[in-house]
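Coordinates from structure_20.csv are shown below (CSV, C-alpha atoms).
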```
chain,number,residue,atom,x,y,z
A,25,ALA,CA,-33.4,-12.9,34.2
A,26,VAL,CA,-34.6,-16.3,35.4
A,27,LEU,CA,-38.1,-17.1,34.0
A,28,LYS,CA,-40.5,-17.6,36.8
A,29,MET,CA,-42.9,-20.2,35.4
A,30,GLN,CA,-45.4,-22.6,36.8
A,31,TYR,CA,-47.1,-25.5,35.3
A,32,LYS,CA,-49.8,-28.0,36.2
A,33,ARG,CA,-50.6,-31.5,34.8
A,34,PHE,CA,-54.2,-32.3,33.9
A,35,PRO,CA,-54.9,-36.0,33.1
A,36,LEU,CA,-57.8,-35.7,30.7
A,37,GLY,CA,-60.1,-38.0,28.7
A,38,ALA,CA,-60.7,-41.7,28.4
A,39,LEU,CA,-56.9,-42.5,28.3
A,40,TRP,CA,-55.9,-40.0,31.0
A,41,THR,CA,-53.8,-38.1,28.5
A,42,ASN,CA,-51.4,-35.8,30.3
A,43,GLY,CA,-52.2,-32.2,29.3
A,44,TYR,CA,-50.0,-29.4,30.7
A,45,LEU,CA,-50.9,-25.8,31.5
A,46,PHE,CA,-47.9,-23.5,31.6
A,47,TRP,CA,-48.0,-19.8,32.8
A,48,ASP,CA,-45.6,-17.0,33.5
A,49,GLU,CA,-45.6,-14.3,36.1
A,50,GLY,CA,-47.8,-12.1,34.0
A,51,GLY,CA,-50.4,-14.8,33.7
A,52,GLU,CA,-49.7,-15.6,30.0
A,53,ALA,CA,-50.4,-19.2,29.4
A,54,PHE,CA,-50.4,-22.1,26.9
A,55,PHE,CA,-51.7,-25.6,27.0
A,56,ILE,CA,-50.2,-28.8,25.6
A,57,ASP,CA,-52.4,-31.8,24.5
A,58,PRO,CA,-56.0,-31.3,25.7
A,59,GLY,CA,-56.9,-35.0,25.5
A,60,GLY,CA,-60.5,-34.8,26.7
A,61,ASP,CA,-63.1,-32.7,28.5
A,62,ALA,CA,-61.1,-29.6,29.5
A,63,ARG,CA,-63.7,-27.9,31.7
A,64,GLU,CA,-61.4,-28.3,34.8
A,65,VAL,CA,-58.6,-26.5,32.8
A,66,LEU,CA,-61.0,-23.6,32.0
A,67,GLU,CA,-62.0,-23.4,35.6
A,68,PHE,CA,-58.4,-23.3,36.7
A,69,VAL,CA,-57.5,-20.7,34.1
A,70,ARG,CA,-60.4,-18.5,35.2
A,71,SER,CA,-59.7,-19.0,39.0
A,72,GLN,CA,-56.0,-18.0,38.5
A,73,GLY,CA,-56.8,-15.0,36.2
A,74,LEU,CA,-54.6,-16.5,33.4
A,75,LYS,CA,-54.7,-15.5,29.8
A,76,LEU,CA,-54.7,-18.7,27.7
A,77,ARG,CA,-52.9,-17.7,24.4
A,78,ALA,CA,-52.2,-21.0,22.6
A,79,VAL,CA,-52.7,-24.8,22.4
A,80,LEU,CA,-49.7,-26.9,21.3
A,81,LEU,CA,-50.3,-30.5,20.1
A,82,THR,CA,-47.5,-33.1,20.3
A,83,HIS,CA,-49.2,-35.2,17.6
A,84,GLY,CA,-52.5,-35.8,15.8
A,85,HIS,CA,-54.1,-38.7,17.7
A,86,VAL,CA,-57.6,-38.0,19.0
A,87,ASP,CA,-56.7,-38.8,22.6
A,88,HIS,CA,-54.4,-35.7,22.5
A,89,PHE,CA,-56.8,-33.1,21.1
A,90,ALA,CA,-60.4,-34.3,21.9
A,91,GLY,CA,-60.7,-31.5,24.4
A,92,LEU,CA,-59.5,-28.8,22.0
A,93,GLY,CA,-63.0,-27.5,21.3
A,94,ASP,CA,-63.3,-26.5,25.0
A,95,LEU,CA,-60.3,-24.2,24.7
A,96,LEU,CA,-60.8,-22.8,21.2
A,97,PRO,CA,-63.0,-19.9,22.4
A,98,LEU,CA,-60.0,-18.6,24.4
A,99,VAL,CA,-57.3,-19.2,21.8
A,100,GLY,CA,-59.0,-19.0,18.4
A,101,GLY,CA,-56.7,-20.1,15.7
A,102,GLU,CA,-53.6,-20.2,18.0
A,103,VAL,CA,-53.3,-24.0,17.7
A,104,TYR,CA,-50.0,-25.5,16.7
A,105,ILE,CA,-49.3,-29.0,15.3
A,106,SER,CA,-46.6,-30.5,13.0
A,107,ARG,CA,-47.3,-30.1,9.3
A,108,ASP,CA,-46.9,-33.9,9.0
A,109,ASP,CA,-49.8,-34.6,11.4
A,110,ALA,CA,-52.0,-31.7,10.3
A,111,ASP,CA,-54.3,-33.9,8.3
A,112,MET,CA,-55.0,-35.9,11.4
A,113,ILE,CA,-56.8,-33.0,13.1
A,114,ARG,CA,-58.4,-31.8,9.8
A,115,ARG,CA,-59.9,-35.3,9.4
A,116,PRO,CA,-59.9,-37.2,12.7
A,117,SER,CA,-59.7,-40.9,12.2
A,118,GLU,CA,-63.1,-42.5,12.5
A,119,ALA,CA,-61.5,-45.9,13.2
A,120,MET,CA,-59.5,-44.4,16.1
A,121,GLN,CA,-62.4,-42.5,17.5
A,122,SER,CA,-64.5,-45.8,17.5
A,123,ALA,CA,-61.7,-47.9,18.9
A,124,LEU,CA,-61.0,-45.4,21.8
A,125,ARG,CA,-64.6,-44.4,22.2
A,126,ILE,CA,-63.5,-40.8,21.8
A,127,ARG,CA,-65.5,-38.3,19.7
A,128,CYS,CA,-63.9,-35.2,18.5
A,129,GLU,CA,-64.5,-32.5,16.0
A,130,SER,CA,-62.2,-31.7,13.0
A,131,VAL,CA,-60.1,-28.6,13.4
A,132,ALA,CA,-59.6,-26.2,10.5
A,133,ASP,CA,-58.0,-23.1,11.9
A,134,PHE,CA,-54.4,-23.8,13.2
A,135,HIS,CA,-50.7,-23.2,12.5
A,136,GLU,CA,-48.4,-25.9,11.0
A,137,ILE,CA,-45.0,-26.0,12.7
A,138,SER,CA,-41.8,-27.8,12.0
A,139,GLU,CA,-38.2,-28.5,13.3
A,140,GLY,CA,-36.4,-25.4,14.4
A,141,ASN,CA,-39.5,-23.2,14.9
A,142,VAL,CA,-39.5,-21.3,18.2
A,143,LEU,CA,-42.9,-20.2,19.6
A,144,GLU,CA,-42.9,-17.1,21.7
A,145,ILE,CA,-45.9,-17.0,24.2
A,146,GLY,CA,-45.6,-14.5,27.0
A,147,ALA,CA,-42.2,-14.9,28.6
A,148,PHE,CA,-41.8,-18.4,27.1
A,149,ARG,CA,-39.6,-19.5,24.2
A,150,ILE,CA,-40.7,-22.9,23.1
A,151,GLU,CA,-38.5,-24.9,20.9
A,152,VAL,CA,-40.1,-27.4,18.4
A,153,LEU,CA,-38.3,-30.7,18.0
A,154,GLU,CA,-39.5,-33.1,15.3
A,155,THR,CA,-39.5,-36.7,16.8
A,156,PRO,CA,-41.2,-38.9,14.2
A,157,GLY,CA,-42.0,-42.5,14.9
A,158,HIS,CA,-45.2,-42.7,17.0
A,159,THR,CA,-46.7,-40.6,14.2
A,160,PRO,CA,-45.0,-39.1,11.2
A,161,GLY,CA,-45.3,-35.6,12.7
A,162,ALA,CA,-44.7,-36.4,16.4
A,163,THR,CA,-43.3,-33.3,18.1
A,164,CYS,CA,-41.7,-32.6,21.4
A,165,PHE,CA,-41.6,-29.1,23.0
A,166,VAL,CA,-38.8,-27.7,25.1
A,167,THR,CA,-38.9,-24.6,27.3
A,168,ASP,CA,-36.8,-23.5,30.2
A,169,GLY,CA,-35.3,-26.9,31.0
A,170,VAL,CA,-38.5,-28.9,30.5
A,171,VAL,CA,-39.4,-31.2,27.6
A,172,PHE,CA,-42.9,-32.4,26.7
A,173,THR,CA,-42.6,-35.7,24.9
A,174,GLY,CA,-46.2,-36.6,24.0
A,175,ASP,CA,-46.1,-40.2,23.0
A,176,THR,CA,-42.6,-40.3,21.8
A,177,LEU,CA,-41.1,-41.2,25.1
A,178,PHE,CA,-42.6,-42.8,28.2
A,179,GLU,CA,-41.1,-43.8,31.5
A,180,GLY,CA,-39.2,-47.0,30.6
A,181,GLY,CA,-39.3,-46.7,26.8
A,182,PRO,CA,-40.7,-45.4,23.5
A,183,GLY,CA,-44.3,-44.8,22.7
A,184,ALA,CA,-46.4,-47.3,20.7
A,185,THR,CA,-45.6,-48.0,17.1
A,186,ARG,CA,-48.5,-50.3,16.2
A,187,TRP,CA,-50.1,-48.2,13.4
A,188,ASP,CA,-49.3,-48.5,9.8
A,189,TYR,CA,-47.8,-45.0,9.7
A,190,SER,CA,-45.7,-45.6,12.8
A,191,ASP,CA,-42.0,-46.7,12.7
A,192,PHE,CA,-40.1,-48.3,15.6
A,193,ASP,CA,-36.7,-47.6,14.1
A,194,ARG,CA,-37.6,-43.9,13.6
A,195,ILE,CA,-38.9,-43.5,17.2
A,196,ILE,CA,-35.7,-45.0,18.6
A,197,ALA,CA,-33.7,-42.7,16.4
A,198,SER,CA,-35.8,-39.7,17.5
A,199,ILE,CA,-35.2,-40.5,21.1
A,200,ARG,CA,-31.5,-41.1,20.6
A,201,GLU,CA,-30.8,-38.1,18.3
A,202,ARG,CA,-33.3,-35.5,19.7
A,203,LEU,CA,-34.0,-36.3,23.3
A,204,LEU,CA,-30.9,-38.0,24.8
A,205,ILE,CA,-28.8,-35.0,23.7
A,206,LEU,CA,-30.8,-32.6,26.0
A,207,PRO,CA,-29.1,-31.6,29.2
A,208,ASP,CA,-29.1,-34.2,31.9
A,209,ASP,CA,-31.2,-32.0,34.3
A,210,THR,CA,-34.0,-31.6,31.7
A,211,VAL,CA,-37.4,-32.4,33.3
A,212,VAL,CA,-39.3,-34.9,31.2
A,213,ASN,CA,-43.1,-34.8,31.0
A,214,THR,CA,-44.8,-37.6,29.1
A,215,GLY,CA,-48.2,-37.9,27.3
A,216,HIS,CA,-49.4,-40.7,29.6
A,217,GLY,CA,-48.4,-42.1,33.0
```

Could you render the structure from this file as structure tokens?
Amino acid sequence: AVLKMQYKRFPLGALWTNGYLFWDEGGEAFFIDPGGDAREVLEFVRSQGLKLRAVLLTHGHVDHFAGLGDLLPLVGGEVYISRDDADMIRRPSEAMQSALRIRCESVADFHEISEGNVLEIGAFRIEVLETPGHTPGATCFVTDGVVFTGDTLFEGGPGATRWDYSDFDRIIASIRERLLILPDDTVVNTGHG
């Protein structure tokens, strides 16, 4: 059976981080990267009668989870992030919050994921790909011919590697070994742009 899915992009927060809401025919939904005020996401979820089941985070930078607090009442502890970036949401960087002028709360209740995990939400099977480089725990999610790259891959090149825990060679290897091997017709959705 072909999965009838829909998704919608929501550019959120100060850096217009692309968040993505996915839902199946039964209204089961998940959200990737709530980067800022997510009230418009909540309004859409309610207007469409969707059941938001989980939030997936591609990495632990504050501009990718600053709106998480808006969604927690619906998803509870069904938040997923790489074990290697988990401390970034437990203790959000004060320096990054100041630099980006983004305030966000720490998150204590979530699931740590890693390479090879498959998340099942409604009719979706979401494959977890570890793609370190932008952050040590940068993760891409693949479902039904669509990949969400967060800040690992942008149109025209790799994500930024300007932080002390970033690694340019690793991000290039992640793109080459994890993303370029996906089928040619894979739809790519990036974290910005």

Residues near Gly84 of chain A, cut-off 6 Å, all atoms listed in the file, skip fewer than 2 positions along chain, as JSON, numbers by chain: {"A": [109, 112, 113]}

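The shortest atom-to-atom distance to Thr159 of chain A, with all atoms listed in the file taken into account, belongs to A:Phe192 out of A:Phe46, A:Phe172, A:Phe134, A:Phe192.
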
Using only C-alpha atoms: which of A:Val171, A:Ile126, A:Gly157, A:Asp208 has the shortest distance to Gly183 of chain A: A:Gly157

Residues within 9 Å of Asp57 of chain A, all atoms listed in the file, excluding chain neighbours under 3 positions, as a PyMOL selection string: chain A and resi 41-44+60+79-83+87-92+174+215

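Between atom CA of Asp168 of chain A and atom CA of Pro58 of chain A lies a distance of 21.2 Å.
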
Distance of atom CA of Leu45 of chain A from atom CA of Phe68 of chain A, expressed in Å to one decimal place: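 Distance between the two atoms: 9.5 Å.
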
Atom CA of Ile145 of chain A to atom CA of Lys28 of chain A, distance in Å rounded to a single decimal: 13.7 Å

Best match for closeness to Thr173 of chain A among A:Ile56, A:Ala119, A:Leu66, A:Leu39, counting all atoms listed in the file: A:Ile56

Nearest residue to Asp193 of chain A from the set A:His216, A:Asp133, A:Val166, A:Thr155 (distances using only C-alpha atoms):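 Closest to Asp193 of chain A of all the choices is A:Thr155.
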
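Among the candidates A:Ile199, A:Leu98, A:Ala147, A:Val152, the residue lying nearest to Met29 of chain A is A:Ala147 (atoms considered: all atoms listed in the file).
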
Selected residue of minimal separation from Gln30 of chain A among A:Leu96, A:Val170, A:Cys164, A:Leu143, counting only C-alpha atoms: A:Val170
